[in-house]
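Colleague: Got a file for you: data34.txt, compact mmCIF, C-alpha atoms.
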# COMPACT_ATOMS: atom_id res chain seq x y z
CA MET X 1 86.48 103.41 82.27
CA SER X 2 89.15 104.67 79.89
CA ALA X 3 90.34 102.20 77.26
CA ASP X 4 93.89 102.62 78.56
CA VAL X 5 92.95 101.78 82.18
CA ILE X 6 93.20 98.02 82.72
CA ILE X 7 92.78 97.99 86.55
CA ARG X 8 90.71 100.39 88.64
CA ALA X 9 90.37 100.06 92.42
CA GLU X 10 87.75 102.24 94.10
CA GLY X 11 87.56 102.55 97.89
CA LEU X 12 88.84 99.04 98.55
CA GLY X 13 88.65 97.85 102.14
CA LYS X 14 89.25 94.47 103.76
CA LYS X 15 88.11 93.80 107.31
CA TYR X 16 88.95 90.82 109.49
CA THR X 17 87.39 89.91 112.82
CA ILE X 18 90.00 88.82 115.34
CA GLY X 19 89.46 87.02 118.62
CA HIS X 20 91.75 87.60 121.61
CA ALA X 21 91.92 85.20 124.52
CA THR X 22 92.29 87.02 127.82
CA ASP X 23 93.05 83.83 129.76
CA ARG X 24 96.78 83.42 129.18
CA GLU X 25 97.65 80.56 131.54
CA ARG X 26 99.71 77.86 129.89
CA TYR X 27 98.61 74.84 131.95
CA VAL X 28 94.99 74.34 132.97
CA ALA X 29 93.17 71.67 134.90
CA LEU X 30 90.42 69.53 133.38
CA ARG X 31 87.78 71.37 135.42
CA ASP X 32 88.95 74.67 133.89
CA VAL X 33 88.62 73.25 130.37
CA LEU X 34 85.08 71.98 131.06
CA ALA X 35 84.01 75.25 132.68
CA ARG X 36 85.46 77.30 129.83
CA GLY X 37 83.72 75.07 127.23
CA ALA X 38 80.35 75.57 128.89
CA ARG X 39 80.93 79.32 129.17
CA ASP X 40 81.96 79.63 125.50
CA ALA X 41 78.97 77.55 124.35
CA TRP X 42 76.60 79.86 126.23
CA ARG X 43 78.33 82.93 124.84
CA LYS X 44 78.06 81.63 121.26
CA THR X 45 74.35 80.94 121.77
CA VAL X 46 73.81 84.52 122.95
CA ASP X 47 75.87 85.88 120.04
CA MET X 48 73.83 83.89 117.52
CA ALA X 49 70.57 85.14 119.05
CA ARG X 50 71.78 88.75 118.87
CA GLY X 51 73.28 88.42 115.37
CA ARG X 52 76.88 89.03 116.45
CA PRO X 53 79.81 87.24 114.75
CA ILE X 54 81.04 84.12 116.49
CA VAL X 55 84.78 84.28 117.09
CA ALA X 56 86.91 82.12 119.34
CA GLY X 57 88.37 84.07 122.25
CA ASP X 58 87.24 86.32 125.04
CA THR X 59 87.34 89.62 123.14
CA VAL X 60 86.56 90.53 119.55
CA GLU X 61 88.35 93.18 117.49
CA GLU X 62 87.76 94.45 113.96
CA PHE X 63 91.00 94.80 112.03
CA TRP X 64 91.12 96.65 108.70
CA ALA X 65 93.96 95.23 106.61
CA LEU X 66 93.00 97.72 103.86
CA LYS X 67 90.96 100.90 104.10
CA ASP X 68 89.79 103.21 101.30
CA VAL X 69 92.43 102.17 98.75
CA SER X 70 91.92 103.69 95.30
CA PHE X 71 94.20 103.74 92.24
CA GLU X 72 94.31 103.07 88.51
CA VAL X 73 96.76 101.08 86.40
CA LYS X 74 97.06 101.71 82.67
CA ARG X 75 97.67 99.03 80.06
CA GLY X 76 101.38 98.21 79.80
CA GLU X 77 102.24 100.01 83.06
CA VAL X 78 104.46 98.55 85.78
CA LEU X 79 103.21 99.34 89.29
CA GLY X 80 105.36 98.66 92.35
CA ILE X 81 103.65 98.22 95.72
CA ILE X 82 105.87 98.91 98.70
CA GLY X 83 105.53 99.26 102.47
CA ARG X 84 106.62 97.61 105.68
CA ASN X 85 105.49 94.15 106.74
CA GLY X 86 101.83 94.21 107.73
CA ALA X 87 101.04 97.28 105.61
CA GLY X 88 98.44 95.38 103.52
CA LYS X 89 100.44 94.67 100.35
CA SER X 90 99.71 90.95 100.09
CA THR X 91 96.05 91.48 101.01
CA LEU X 92 95.71 93.95 98.14
CA LEU X 93 97.26 91.50 95.68
CA LYS X 94 94.93 88.72 96.85
CA ILE X 95 91.93 90.95 96.14
CA LEU X 96 93.27 91.88 92.71
CA SER X 97 93.88 88.17 92.01
CA ARG X 98 90.28 87.37 93.04
CA ILE X 99 91.49 85.06 95.80
CA THR X 100 89.58 87.01 98.43
CA GLU X 101 86.68 89.45 98.23
CA PRO X 102 86.92 93.03 99.53
CA SER X 103 84.75 94.01 102.49
CA GLU X 104 83.94 97.29 100.76
CA GLY X 105 84.67 99.07 97.50
CA ARG X 106 85.22 97.39 94.17
CA VAL X 107 87.91 96.57 91.64
CA THR X 108 87.47 96.39 87.87
CA ILE X 109 89.97 94.39 85.80
CA HIS X 110 90.09 93.98 82.00
CA GLY X 111 92.23 91.04 80.87
CA ARG X 112 93.36 87.68 82.12
CA VAL X 113 95.48 87.67 85.25
CA ALA X 114 98.38 85.40 86.27
CA SER X 115 99.38 85.54 89.94
CA LEU X 116 102.43 84.34 91.82
CA LEU X 117 101.65 85.23 95.41
CA GLU X 118 103.46 82.44 97.24
CA VAL X 119 105.22 79.17 96.53
CA GLY X 120 102.95 76.87 94.56
CA THR X 121 99.93 79.15 94.21
CA GLY X 122 97.55 77.48 91.74
CA PHE X 123 99.42 74.16 91.66
CA HIS X 124 97.84 70.80 92.48
CA SER X 125 100.24 68.87 94.69
CA GLU X 126 99.21 65.44 93.34
CA LEU X 127 99.81 66.39 89.70
CA THR X 128 103.20 66.33 88.00
CA GLY X 129 105.10 69.41 86.91
CA ARG X 130 104.06 68.73 83.29
CA GLU X 131 100.37 68.44 84.23
CA ASN X 132 100.48 71.60 86.35
CA ILE X 133 101.87 73.61 83.43
CA TYR X 134 98.85 72.65 81.32
CA LEU X 135 96.49 73.13 84.29
CA ASN X 136 97.74 76.69 84.86
CA GLY X 137 97.40 77.44 81.18
CA ALA X 138 93.79 76.26 81.25
CA ILE X 139 93.08 78.40 84.33
CA LEU X 140 94.44 81.41 82.42
CA GLY X 141 92.05 80.64 79.54
CA MET X 142 94.77 79.55 77.13
CA ARG X 143 94.30 76.85 74.51
CA ARG X 144 96.36 73.69 74.74
CA ALA X 145 98.20 74.64 71.55
CA GLU X 146 99.27 77.95 73.13
CA VAL X 147 100.64 76.17 76.21
CA ARG X 148 102.44 73.62 74.03
CA ARG X 149 104.09 76.42 72.07
CA LYS X 150 105.59 77.85 75.30
CA PHE X 151 106.18 74.53 77.02
CA ASP X 152 109.88 74.09 76.22
CA GLU X 153 110.70 77.67 77.28
CA ILE X 154 108.90 77.17 80.60
CA VAL X 155 110.78 73.95 81.38
CA ALA X 156 114.15 75.38 80.32
CA PHE X 157 113.74 78.46 82.51
CA SER X 158 112.56 76.50 85.56
CA GLU X 159 115.41 73.94 85.32
CA VAL X 160 113.16 71.08 86.52
CA GLU X 161 113.26 68.96 83.35
CA LYS X 162 114.62 65.94 85.22
CA PHE X 163 111.63 65.99 87.59
CA LEU X 164 108.97 67.08 85.10
CA ASP X 165 106.93 63.89 85.49
CA THR X 166 107.24 63.80 89.29
CA PRO X 167 104.29 65.00 91.44
CA VAL X 168 105.09 68.52 92.63
CA LYS X 169 104.41 67.52 96.25
CA HIS X 170 107.89 65.96 96.13
CA TYR X 171 109.53 69.19 94.87
CA SER X 172 111.73 71.29 97.09
CA SER X 173 110.53 74.84 97.75
CA GLY X 174 113.15 76.11 95.30
CA MET X 175 111.95 73.81 92.50
CA TYR X 176 108.35 74.71 93.29
CA VAL X 177 108.89 78.45 92.99
CA ARG X 178 111.07 78.13 89.88
CA LEU X 179 108.34 76.28 88.03
CA ALA X 180 105.57 78.53 89.40
CA PHE X 181 107.35 81.71 88.32
CA SER X 182 108.26 80.26 84.94
CA VAL X 183 104.63 79.33 84.23
CA ALA X 184 103.31 82.72 85.34
CA ALA X 185 105.90 84.66 83.33
CA HIS X 186 105.78 82.63 80.09
CA LEU X 187 102.06 82.03 79.53
CA GLU X 188 101.52 85.60 78.35
CA PRO X 189 98.72 86.91 80.58
CA GLU X 190 97.66 90.52 80.04
CA ILE X 191 98.31 91.20 83.75
CA LEU X 192 101.06 89.62 85.87
CA ILE X 193 100.84 89.94 89.66
CA VAL X 194 103.95 88.96 91.64
CA ASP X 195 104.51 89.03 95.41
CA GLU X 196 108.10 88.95 96.70
CA VAL X 197 109.37 86.48 94.09
CA LEU X 198 112.78 88.18 94.21
CA ALA X 199 113.10 87.18 97.88
CA VAL X 200 112.81 83.45 97.14
CA GLY X 201 115.44 81.10 95.79
CA ASP X 202 119.17 81.49 95.38
CA ALA X 203 120.90 84.60 94.08
CA ARG X 204 121.31 83.21 90.56
CA PHE X 205 117.60 82.45 90.24
CA GLN X 206 116.69 85.87 91.64
CA MET X 207 118.75 87.44 88.87
CA LYS X 208 116.96 85.26 86.30
CA CYS X 209 113.60 86.40 87.70
CA LEU X 210 114.64 90.03 87.52
CA GLY X 211 115.79 89.58 83.94
CA LYS X 212 112.56 87.83 82.97
CA LEU X 213 110.48 90.56 84.59
CA SER X 214 112.44 93.09 82.56
CA GLU X 215 111.51 91.15 79.39
CA VAL X 216 107.85 91.05 80.44
CA VAL X 217 107.91 94.80 81.06
CA GLY X 218 109.60 95.40 77.72
CA GLY X 219 106.89 93.31 76.03
CA GLY X 220 104.22 95.79 77.02
CA ARG X 221 102.35 93.67 79.56
CA THR X 222 100.92 95.11 82.77
CA VAL X 223 102.82 94.09 85.91
CA LEU X 224 102.04 94.63 89.58
CA PHE X 225 104.66 93.48 92.02
CA VAL X 226 105.52 93.69 95.69
CA SER X 227 109.15 93.63 96.75
CA HIS X 228 111.28 94.75 99.68
CA ASN X 229 114.10 95.11 97.16
CA ILE X 230 113.65 98.84 96.63
CA ALA X 231 116.40 98.92 94.00
CA ALA X 232 114.35 96.45 91.91
CA VAL X 233 111.22 98.58 92.34
CA GLU X 234 113.04 101.67 91.12
CA ARG X 235 114.53 99.75 88.20
CA LEU X 236 111.34 98.07 86.97
CA ALA X 237 108.41 100.23 88.05
CA PHE X 238 107.25 103.38 86.28
CA ARG X 239 105.05 104.20 89.27
CA SER X 240 104.67 102.94 92.85
CA ILE X 241 102.14 103.17 95.64
CA LEU X 242 103.17 103.14 99.29
CA LEU X 243 100.91 101.41 101.82
CA GLN X 244 100.99 102.10 105.53
CA ASN X 245 98.51 100.59 107.98
CA GLY X 246 96.32 99.52 105.07
CA GLN X 247 96.09 102.96 103.46
CA VAL X 248 97.77 104.58 100.46
CA ILE X 249 100.03 107.37 101.71
CA ALA X 250 101.93 107.96 98.45
CA ASN X 251 101.12 107.31 94.79
CA GLY X 252 103.41 108.59 92.07
CA PRO X 253 106.71 108.10 90.26
CA ALA X 254 108.73 105.23 91.70
CA ALA X 255 111.69 107.39 92.78
CA SER X 256 109.43 109.83 94.65
CA THR X 257 107.43 107.08 96.38
CA VAL X 258 110.59 105.22 97.40
CA SER X 259 112.00 108.42 98.93
CA THR X 260 108.82 108.80 100.98
CA TYR X 261 109.09 105.17 102.09
CA LEU X 262 112.72 105.52 103.17
CA ARG X 263 111.87 108.59 105.23
CA THR X 264 109.39 106.54 107.28
CA PHE X 265 112.28 104.55 108.76
CA LYS X 266 113.41 107.65 110.66
CA ASP X 267 110.25 107.36 112.76
CA LEU X 268 111.07 103.88 114.10
CA PRO X 269 111.35 103.91 117.91
CA ALA X 270 114.67 103.78 119.76
CA GLY X 271 115.49 101.83 122.92
CA TRP X 272 113.67 98.63 123.82
CA ILE X 273 111.15 97.73 121.13
CA ASN X 274 108.26 95.34 121.76
CA VAL X 275 108.00 93.13 118.67
CA GLU X 276 105.89 90.29 120.10
CA THR X 277 102.79 91.42 118.19
CA THR X 278 104.60 92.75 115.10
CA PRO X 279 103.22 91.06 111.93
CA ARG X 280 105.53 88.30 110.69
CA LYS X 281 106.26 87.72 107.01
CA TYR X 282 107.64 84.26 107.89
CA LEU X 283 106.24 82.63 111.03
CA GLY X 284 108.88 80.00 111.75
CA THR X 285 108.07 77.04 114.00
CA ARG X 286 106.99 79.32 116.91
CA GLN X 287 108.69 77.05 119.44
CA ALA X 288 110.12 80.32 120.73
CA VAL X 289 109.28 83.93 119.84
CA ILE X 290 111.20 87.19 119.98
CA THR X 291 109.45 89.65 122.29
CA HIS X 292 111.84 92.64 122.62
CA ILE X 293 114.94 93.94 120.84
CA PHE X 294 117.35 96.69 121.76
CA LEU X 295 120.32 98.42 120.08
CA ASP X 296 122.87 98.60 122.88
CA HIS X 297 124.69 101.74 121.78
CA GLY X 298 121.98 103.98 123.23
CA GLN X 299 121.80 105.75 119.87
CA SER X 300 121.28 104.69 116.28
CA LEU X 301 124.26 106.69 114.93
CA ILE X 302 127.58 104.85 115.25
CA SER X 303 131.06 105.34 113.89
CA ARG X 304 132.35 103.03 111.18
CA ASP X 305 134.89 101.34 113.47
CA HIS X 306 132.40 100.83 116.32
CA PRO X 307 131.07 97.29 116.92
CA ILE X 308 127.32 96.81 116.50
CA ILE X 309 125.70 95.25 119.57
CA PHE X 310 122.06 94.33 120.00
CA THR X 311 120.15 92.47 122.70
CA LEU X 312 116.97 90.49 122.33
CA ARG X 313 114.55 88.85 124.70
CA SER X 314 112.77 85.68 123.66
CA LYS X 315 109.98 83.60 125.14
CA ILE X 316 110.27 79.81 124.96
CA ILE X 317 106.88 78.34 124.07
CA ASP X 318 107.72 74.64 123.61
CA PRO X 319 110.71 72.80 125.09
CA ILE X 320 113.84 73.21 122.94
CA ASN X 321 117.44 72.17 123.50
CA VAL X 322 119.42 74.81 121.61
CA MET X 323 119.02 78.32 120.30
CA ARG X 324 121.12 80.49 118.04
CA VAL X 325 120.58 84.05 116.82
CA SER X 326 121.01 84.95 113.18
CA PHE X 327 120.68 88.28 111.43
CA THR X 328 120.78 89.96 108.05
CA ILE X 329 121.74 93.62 107.64
CA PHE X 330 119.91 95.47 104.87
CA ALA X 331 120.77 98.74 103.19
CA LEU X 332 117.96 101.28 103.27
CA ASP X 333 116.86 100.34 99.74
CA GLY X 334 116.23 96.73 100.87
CA THR X 335 119.42 95.25 99.44
CA PRO X 336 120.85 92.58 101.80
CA VAL X 337 124.40 93.49 102.80
CA GLY X 338 125.36 90.39 104.75
CA SER X 339 124.24 87.79 107.27
CA GLY X 340 125.67 86.06 110.32
CA PHE X 341 124.91 83.15 112.64
CA SER X 342 125.85 82.95 116.31
CA ASN X 343 126.95 79.74 117.97
CA GLU X 344 124.22 77.51 119.37
CA MET X 345 123.61 77.77 123.11
CA ASP X 346 122.11 75.13 125.38
CA VAL X 347 118.70 76.36 126.54
CA SER X 348 117.28 73.02 127.68
CA HIS X 349 117.18 74.25 131.30
CA HIS X 350 115.53 77.56 130.46
CA HIS X 351 111.80 78.10 130.74
CA GLY X 352 109.89 81.21 129.75
CA ALA X 353 111.97 84.31 129.03
CA ILE X 354 115.61 84.27 127.94
CA GLY X 355 117.96 87.05 126.80
CA HIS X 356 120.85 87.08 124.31
CA ARG X 357 123.38 89.72 123.32
CA VAL X 358 124.98 89.70 119.88
CA THR X 359 128.16 91.59 118.99
CA ILE X 360 129.27 92.24 115.41
CA SER X 361 132.85 93.28 116.04
CA ALA X 362 133.96 94.50 112.59
CA PRO X 363 130.99 95.08 110.27
CA GLY X 364 133.01 97.02 107.68
CA LEU X 365 129.97 99.01 106.58
CA ALA X 366 130.27 102.14 104.51
CA PRO X 367 128.58 105.34 105.71
CA GLY X 368 124.81 105.18 105.29
CA ARG X 369 121.55 103.97 106.84
CA TYR X 370 120.80 100.30 107.51
CA TYR X 371 118.37 98.05 109.35
CA PHE X 372 118.16 94.46 110.61
CA GLY X 373 116.22 91.27 110.07
CA ILE X 374 116.68 89.03 113.14
CA ALA X 375 115.85 85.35 113.69
CA ILE X 376 116.15 82.79 116.46
CA GLY X 377 116.38 79.08 115.70
CA ARG X 378 118.83 76.23 115.37
CA GLY X 379 121.43 75.25 112.78
CA ASP X 380 123.24 77.49 110.32
CA HIS X 381 124.08 77.96 106.64
CA THR X 382 126.39 74.91 106.60
CA SER X 383 124.25 72.36 108.44
CA GLY X 384 120.84 73.61 107.41
CA HIS X 385 118.82 75.88 109.64
CA VAL X 386 115.37 76.00 111.23
CA ASP X 387 113.96 79.32 112.44
CA TYR X 388 111.72 79.52 115.46
CA ASP X 389 110.82 83.17 114.80
CA VAL X 390 111.85 85.92 112.37
CA VAL X 391 111.43 89.71 112.71
CA PHE X 392 112.09 91.98 109.74
CA ASP X 393 112.40 95.77 109.37
CA CYS X 394 113.85 96.36 112.84
CA LEU X 395 116.71 98.18 114.59
CA PRO X 396 117.49 100.96 112.12
CA PHE X 397 120.93 102.49 112.51
CA GLU X 398 123.28 104.81 110.65
CA VAL X 399 127.01 104.53 110.12
CA ALA X 400 128.59 107.98 110.28
CA PRO X 401 131.21 109.05 107.74
CA PRO X 402 134.74 109.04 109.18
CA LEU X 403 136.66 112.27 109.71
CA THR X 404 139.58 113.26 107.52
CA LYS X 405 142.93 114.29 109.01
CA ASP X 406 141.65 117.86 109.01
CA GLY X 407 138.52 116.94 110.99
CA VAL X 408 136.16 117.18 107.99
CA LEU X 409 133.52 114.54 107.31
CA SER X 410 134.58 112.35 104.41
CA PHE X 411 132.38 111.64 101.40
CA TRP X 412 130.91 108.31 100.38
CA SER X 413 128.78 107.70 97.30
CA HIS X 414 126.01 105.09 97.55
CA ALA X 415 126.97 104.04 94.01
CA TRP X 416 130.18 102.58 95.47
CA GLY X 417 128.25 100.02 97.53
CA PRO X 418 127.57 99.38 101.24
CA VAL X 419 130.96 97.88 102.18
CA LEU X 420 134.09 99.95 102.75
CA PHE X 421 137.30 97.91 102.47
CA THR X 422 140.04 99.37 104.65
CA ASN X 423 142.80 96.76 104.71
CA VAL X 424 143.97 97.45 101.16
CA VAL X 425 147.70 96.90 100.64
CA LEU X 426 149.60 98.31 97.67
CA THR X 427 153.05 97.02 96.75
CA ALA X 428 155.42 97.92 93.94
CA ASP X 429 157.84 95.64 92.09
CA SER X 430 159.70 97.48 89.34
CA LYS X 431 161.70 94.38 88.32
CA ASN X 432 158.78 92.29 87.07
CA VAL X 433 156.39 94.98 85.80
CA GLY X 434 155.48 94.19 82.18
CA ALA X 435 157.76 91.13 81.97
CA ASP X 436 154.99 88.71 80.99
CA ALA X 437 153.34 91.22 78.66
CA ALA X 438 156.60 91.73 76.80
If you took the structure in this file and wrote it as structure tokens, what would it be?

Modeller:
Amino acid sequence: MSADVIIRAEGLGKKYTIGHATDRERYVALRDVLARGARDAWRKTVDMARGRPIVAGDTVEEFWALKDVSFEVKRGEVLGIIGRNGAGKSTLLKILSRITEPSEGRVTIHGRVASLLEVGTGFHSELTGRENIYLNGAILGMRRAEVRRKFDEIVAFSEVEKFLDTPVKHYSSGMYVRLAFSVAAHLEPEILIVDEVLAVGDARFQMKCLGKLSEVVGGGRTVLFVSHNIAAVERLAFRSILLQNGQVIANGPAASTVSTYLRTFKDLPAGWINVETTPRKYLGTRQAVITHIFLDHGQSLISRDHPIIFTLRSKIIDPINVMRVSFTIFALDGTPVGSGFSNEMDVSHHHGAIGHRVTISAPGLAPGRYYFGIAIGRGDHTSGHVDYDVVFDCLPFEVAPPLTKDGVLSFWSHAWGPVLFTNVVLTADSKNVGADAA
């Protein structure tokens, strides 16, 4: 292994065994439960005798989250890992962080690793924020004096000084992730692994994270990070790999890999899309789930002044009283453009399937390609919201450039942003111009 190569993955694969229940009835009698228990017990006995894996459910399927993944990362390099939800990004980071073992292949790492894969990774909920800082330092192999030297910087960045001696189980998710990121970024590991930290917390904290990552990169440390914010990947990463269905389909300069990734959105299906089995980044309460979505225009290309209308079908799993639909529109590089919440509707008398249509009457989007994240739940941004189910990376569409007076397509630069303001009023007042300046 070259002295400059700090991480080498060779033929990595991760296999999971999944059970599927073929009996889908919701309500069963006691005799059915007893009969099924006896049948499953007999089946498990046979499986044990024949050496087959024991998995709950009527059918067994092997699912490869990763397959034949190979790459190298040099010391001081920044590697972005991109791909749609369910592509295998988080699984890869868990293997690199030694949280899970690969089913095949191997990975060689030289140097101590700090990981921030989800809120509170590596924290002990019963310990205080202060104690967890020292605990994480010890896990990273740092001496107490080293942690003490960075302690004030960690606390200042995380903004949790007031609650430093409170058990972290009482922290909000925002406080949790602020302290977790601050510890991971300040304790000077040779390798920093970050999963979607820029998608957590408020906008101000996201900007702080991005700035801190830039400092880490400038300090010569090795960074691997996953983000749907493609602009951040292009800004921070020297090189990126693109995962699709658990395999590497592109590995090269960040700009080139991002271009390949954006082109994959053109292959998304049109018409009714079945999303019931689509992998979820955030599960929600699952009291109801989105099963199908549809862009009502009949085509994904719309004019700038055309309303955007989509329909979704949901399946109510547990009794609920209200349901609202919310959405976020993303530019093709992953930048969120804007969000909206519908009014809540009474669904207490509905059972099973239910359909909703959402109309965005004046989106004001500039020409370009976009896609949706859609959620069903209750509440909104003012009262606090709970999501039953969330589907990302769906309903791609394109806003066409408007025509000029001569019938020629107008020009729009992506550097100008994703919103085109049209109601701009210019007035002139020659009497008062320069009066105050004089």

Colleague: List the residues sitting within 6 Å of (98.6, 80.6, 82.5) in the file's frame, using only C-alpha atoms, as a PyMOL selection string.

Modeller: chain X and resi 136-137+140+184+187

Colleague: Per residue of stretch 255-335 of chain X within 8 Å of stretch 343-347 of chain X, record the nearest atom pair and its distance in Å to one decimal, counting all atoms listed in the file, with rows in chain order and ascending residue number, as JSON lines.

Modeller:
{"residue": "X:Ile320", "atom": "CA", "partner": "X:Val347", "partner_atom": "CA", "distance": 6.8}
{"residue": "X:Asn321", "atom": "CA", "partner": "X:Val347", "partner_atom": "CA", "distance": 5.3}
{"residue": "X:Val322", "atom": "CA", "partner": "X:Asp346", "partner_atom": "CA", "distance": 4.6}
{"residue": "X:Met323", "atom": "CA", "partner": "X:Glu344", "partner_atom": "CA", "distance": 5.3}
{"residue": "X:Arg324", "atom": "CA", "partner": "X:Glu344", "partner_atom": "CA", "distance": 4.5}
{"residue": "X:Val325", "atom": "CA", "partner": "X:Asn343", "partner_atom": "CA", "distance": 7.8}

Colleague: What's the 8 Å shell around X:Ala288, counting only C-alpha atoms, without same-chain residues fewer than 2 positions away, as a count of residues only?

Modeller: 11

Colleague: Taking 5 positions as the minimum chain separation for residues in the same chain, which residues sit within 7 Å of X:Arg357 when counting all atoms listed in the file? Answer as a list of chain:residue names.

Modeller: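 Returned residues: X:Phe310, X:Thr311, X:Leu312.
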
Colleague: Using atom CA of X:Leu365 and atom CA of X:Ile308 as the two end points, give the distance in Å to one decimal.

Modeller: 10.5 Å
